Each structure stands twice: as C-alpha cells, then as structure tokens.
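Working notes for the structure below.
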Amino acid sequence: MEPTTTLYRPLDGNELSLIAASGYREFPPRLPGQPIFYPVLNEEYAIQIARDWNAKNSETGMGIVTKFRVKTAYLSKFEIHTVGARIHREYWIPSAELSEFNRNIVGLIEVIAEFHDK
C-alpha cells in the first residue's frame with residue numbers, strides 16, 4: 001500500500017454540505033478570490049480555526065474539523081508553511097491543483113469535530 005499523510009481541514013457548514021454531496025470523497029472548488037486551499041498538519045491547529053474563527057464568523061455558525069489521508073508522494077511537491085507557532089503548519093495547494101489533490105485522497109473525508117456559535 002502506498003504511504004499516506006493524514007491532514008486536517010477546518011471548514012464551515014456550507015463547505016461540509018458540498019463535501020457530503022461528493023460522498024465525502026473530495027473538497028469543492030475554491031471560490032473566486034480564494035487562490036489557495038490550505039489543509040493543515042495537525043488536529044490542534046484545525047480545531048483552533050474551526051472553533052475560534054469558522055464557528056464565530058460563518059453564516060452557518062458552525063466550525064467543522066475534517067480528517068483525511070493523501071498520498072505522501074503527491075504531497076512531496078508542496079512545501080509546508082509555518083504561519084505562526086510551531087503547530088500552525090499547513091500546505092498551500094493552488095486552487096488550480098485542487099482536482100488533482102482530490103484524486104490523491106485515499107479513503108473518505110471524515111468529520112471529527114463540530115463547534116457551534118449560533
């Protein structure tokens with residue numbers, strides 16, 4: 001079996017609906033003005049974003065954390081970016097690459113945490 005890397009993605013209820021419509025197999029295309037898709041490398045960071053930003057600032061009042069696996073060989077072409085403290089590590093996937101990224105997801109996208117503000 002090909003090696004995989006576990007990643008996390010914080011999101012809101014609208015994005016979760018689109019993921020559910022795909023059978024939990026892919027992330028939806030980025031919106032205009034969103035040039036980067038940024039999965040994060042650890043659950044703690046994903047929780048911070050979902051709880052402290054998405055739940056409070058999304059129209060759904062929900063912050064969701066998803067967990068999924070991606071082929072490690074595919075990820076090797078992208079740099080890991082640290083955007084704050086040591087736990088704030090993420091990949092920057094250009095939105096034009098998202099279809100290819102989705103093809104390299106192994107298994108399903110799993111919801112592992114939900115936060116509600118409203």
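Every chain in the structure tokens takes a letter, A first, then B, and so on in the order presented; its residues are numbered from 1, and the ligands are numbered from 1 following the presented order.
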Skip range 1-11 of chain A itself and residues of its chain fewer than 6 positions away, then list as a PDB file with N, CA, C and O atoms, in the first residue's frame all residues within 6 Å of it, counting only C-alpha atoms.
ATOM      1  N   PRO A  39      -4.918  22.699   3.599  1.00  0.00           N
ATOM      2  CA  PRO A  39      -5.079  21.671   4.627  1.00  0.00           C
ATOM      3  C   PRO A  39      -3.982  21.837   5.669  1.00  0.00           C
ATOM      4  O   PRO A  39      -2.870  22.271   5.349  1.00  0.00           O
ATOM      5  N   VAL A  40      -4.281  21.502   6.910  1.00  0.00           N
ATOM      6  CA  VAL A  40      -3.313  21.690   7.991  1.00  0.00           C
ATOM      7  C   VAL A  40      -2.781  20.345   8.467  1.00  0.00           C
ATOM      8  O   VAL A  40      -3.378  19.299   8.224  1.00  0.00           O
ATOM      9  N   LEU A  41      -1.647  20.379   9.161  1.00  0.00           N
ATOM     10  CA  LEU A  41      -0.939  19.154   9.506  1.00  0.00           C
ATOM     11  C   LEU A  41      -1.286  18.571  10.864  1.00  0.00           C
ATOM     12  O   LEU A  41      -0.864  17.461  11.160  1.00  0.00           O
ATOM     13  N   ALA A  46      -6.293  22.700  13.456  1.00  0.00           N
ATOM     14  CA  ALA A  46      -7.594  22.671  12.786  1.00  0.00           C
ATOM     15  C   ALA A  46      -8.718  23.028  13.757  1.00  0.00           C
ATOM     16  O   ALA A  46      -9.646  23.765  13.406  1.00  0.00           O
ATOM     17  N   ALA A  50     -11.445  26.100  13.405  1.00  0.00           N
ATOM     18  CA  ALA A  50     -12.874  25.777  13.348  1.00  0.00           C
ATOM     19  C   ALA A  50     -13.635  26.404  14.515  1.00  0.00           C
ATOM     20  O   ALA A  50     -14.716  26.983  14.336  1.00  0.00           O
ATOM     21  N   GLY A  63     -18.351  25.457  12.947  1.00  0.00           N
ATOM     22  CA  GLY A  63     -16.958  25.183  12.621  1.00  0.00           C
ATOM     23  C   GLY A  63     -16.783  23.674  12.650  1.00  0.00           C
ATOM     24  O   GLY A  63     -17.149  23.020  13.626  1.00  0.00           O
ATOM     25  N   ILE A  64     -16.257  23.125  11.586  1.00  0.00           N
ATOM     26  CA  ILE A  64     -16.130  21.682  11.429  1.00  0.00           C
ATOM     27  C   ILE A  64     -14.653  21.351  11.245  1.00  0.00           C
ATOM     28  O   ILE A  64     -13.925  22.084  10.573  1.00  0.00           O
ATOM     29  N   VAL A  65     -14.215  20.227  11.795  1.00  0.00           N
ATOM     30  CA  VAL A  65     -12.867  19.723  11.547  1.00  0.00           C
ATOM     31  C   VAL A  65     -13.005  18.400  10.804  1.00  0.00           C
ATOM     32  O   VAL A  65     -13.722  17.504  11.253  1.00  0.00           O
ATOM     33  N   THR A  66     -12.322  18.306   9.676  1.00  0.00           N
ATOM     34  CA  THR A  66     -12.290  17.056   8.925  1.00  0.00           C
ATOM     35  C   THR A  66     -10.879  16.476   8.962  1.00  0.00           C
ATOM     36  O   THR A  66      -9.898  17.201   9.135  1.00  0.00           O
ATOM     37  N   LYS A  67     -10.827  15.172   8.803  1.00  0.00           N
ATOM     38  CA  LYS A  67      -9.570  14.419   8.790  1.00  0.00           C
ATOM     39  C   LYS A  67      -9.594  13.531   7.549  1.00  0.00           C
ATOM     40  O   LYS A  67     -10.629  12.936   7.225  1.00  0.00           O
ATOM     41  N   PHE A  68      -8.451  13.446   6.870  1.00  0.00           N
ATOM     42  CA  PHE A  68      -8.385  12.646   5.652  1.00  0.00           C
ATOM     43  C   PHE A  68      -6.930  12.304   5.362  1.00  0.00           C
ATOM     44  O   PHE A  68      -6.009  12.868   5.956  1.00  0.00           O
ATOM     45  N   ARG A  69      -6.740  11.358   4.453  1.00  0.00           N
ATOM     46  CA  ARG A  69      -5.386  10.934   4.087  1.00  0.00           C
ATOM     47  C   ARG A  69      -5.121  11.242   2.617  1.00  0.00           C
ATOM     48  O   ARG A  69      -6.008  11.086   1.779  1.00  0.00           O
ATOM     49  N   VAL A  70      -3.884  11.657   2.344  1.00  0.00           N
ATOM     50  CA  VAL A  70      -3.450  11.987   0.983  1.00  0.00           C
ATOM     51  C   VAL A  70      -2.154  11.232   0.706  1.00  0.00           C
ATOM     52  O   VAL A  70      -1.323  11.057   1.609  1.00  0.00           O
ATOM     53  N   LYS A  71      -1.987  10.801  -0.530  1.00  0.00           N
ATOM     54  CA  LYS A  71      -0.763  10.093  -0.908  1.00  0.00           C
ATOM     55  C   LYS A  71       0.448  10.981  -0.628  1.00  0.00           C
ATOM     56  O   LYS A  71       0.542  12.111  -1.103  1.00  0.00           O
ATOM     57  N   THR A  72       1.371  10.459   0.156  1.00  0.00           N
ATOM     58  CA  THR A  72       2.561  11.202   0.560  1.00  0.00           C
ATOM     59  C   THR A  72       3.407  11.608  -0.644  1.00  0.00           C
ATOM     60  O   THR A  72       3.935  12.723  -0.686  1.00  0.00           O
TER      61      THR A  72
END
Write out as a list in words which residues come within 10 Å of range 78-84 of chain A when counting only C-alpha atoms, dropping same-chain ones fewer than 5 positions away.
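Near neighbours after the sequence-gap exclusion: Tyr38, Val40, Leu41, Arg89, Glu90, Tyr91, Trp92, Ile93 and Pro94 of chain A.
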Only N, CA, C and O atoms, please: the residues just picked out, written as a short mmCIF file (atom, residue, chain, number, x, y, z; two decimals), in the first residue's frame.
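The result, stored in part10.cif:
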data_model
loop_
_atom_site.label_atom_id
_atom_site.label_comp_id
_atom_site.auth_asym_id
_atom_site.auth_seq_id
_atom_site.Cartn_x
_atom_site.Cartn_y
_atom_site.Cartn_z
N TYR A 38 -5.85 25.25 1.83
CA TYR A 38 -4.83 25.01 2.84
C TYR A 38 -5.24 23.95 3.86
O TYR A 38 -5.84 24.23 4.87
N VAL A 40 -4.28 21.50 6.91
CA VAL A 40 -3.31 21.69 7.99
C VAL A 40 -2.78 20.34 8.47
O VAL A 40 -3.38 19.30 8.22
N LEU A 41 -1.65 20.38 9.16
CA LEU A 41 -0.94 19.15 9.51
C LEU A 41 -1.29 18.57 10.86
O LEU A 41 -0.86 17.46 11.16
N ARG A 89 1.04 24.72 11.07
CA ARG A 89 1.69 24.24 9.84
C ARG A 89 0.62 23.80 8.85
O ARG A 89 -0.33 23.11 9.23
N GLU A 90 0.82 24.18 7.59
CA GLU A 90 -0.16 23.88 6.57
C GLU A 90 0.49 23.77 5.20
O GLU A 90 1.60 24.28 4.99
N TYR A 91 -0.20 23.10 4.31
CA TYR A 91 0.19 23.08 2.91
C TYR A 91 -0.59 24.17 2.19
O TYR A 91 -1.74 24.46 2.56
N TRP A 92 0.03 24.77 1.18
CA TRP A 92 -0.67 25.73 0.33
C TRP A 92 -0.83 25.08 -1.04
O TRP A 92 0.13 25.00 -1.81
N ILE A 93 -2.01 24.62 -1.33
CA ILE A 93 -2.30 23.96 -2.59
C ILE A 93 -2.98 24.99 -3.50
O ILE A 93 -4.06 25.49 -3.16
N PRO A 94 -2.37 25.34 -4.63
CA PRO A 94 -3.03 26.29 -5.53
C PRO A 94 -4.41 25.76 -5.94
O PRO A 94 -4.60 24.57 -6.16
#
According to DSSP computed on the backbone, where in range 30-106 of chain A is there alpha helix (DSSP H)? Give the residues as a list in words.
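Everything in range 30-106 of chain A that counts as alpha helix (DSSP H) is Glu43, Glu44, Tyr45, Ala46, Ile47, Gln48, Ile49, Ala55, Lys56, Asn57, Thr72, Ala73, Tyr74, Leu75, Leu98, Ser99, Glu100, Phe101, Asn102 and Arg103 of chain A.
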Measuring between only C-alpha atoms, which one of A:Leu31, A:Ala96, A:Ala73, A:Met62 shows the shortest distance to Ser17 in chain A?
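Answer, going by the shortest atom-to-atom distance: A:Met62.
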Atomic distance CA of Val111 in chain A - CA of Pro29 in chain A, expressed in Å with one decimal
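Those two atoms sit 18.8 Å apart.
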Go through A:Ser58, A:Asn102, A:Ser76, A:Asn42 one by one, measure the shortest atom-to-atom distance of each to His88 in chain A using only C-alpha atoms, and give the residue with the smallest value.
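Of A:Ser58, A:Asn102, A:Ser76, A:Asn42, the one nearest His88 in chain A is A:Asn42, counting only C-alpha atoms.
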Return the single residue from A:Gly107, A:Ile112, A:Leu98, A:Glu15 that is closest to Asn54 in chain A, with distances computed using only C-alpha atoms.
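Residue with the minimum atom-to-atom distance to Asn54 in chain A: A:Glu15.
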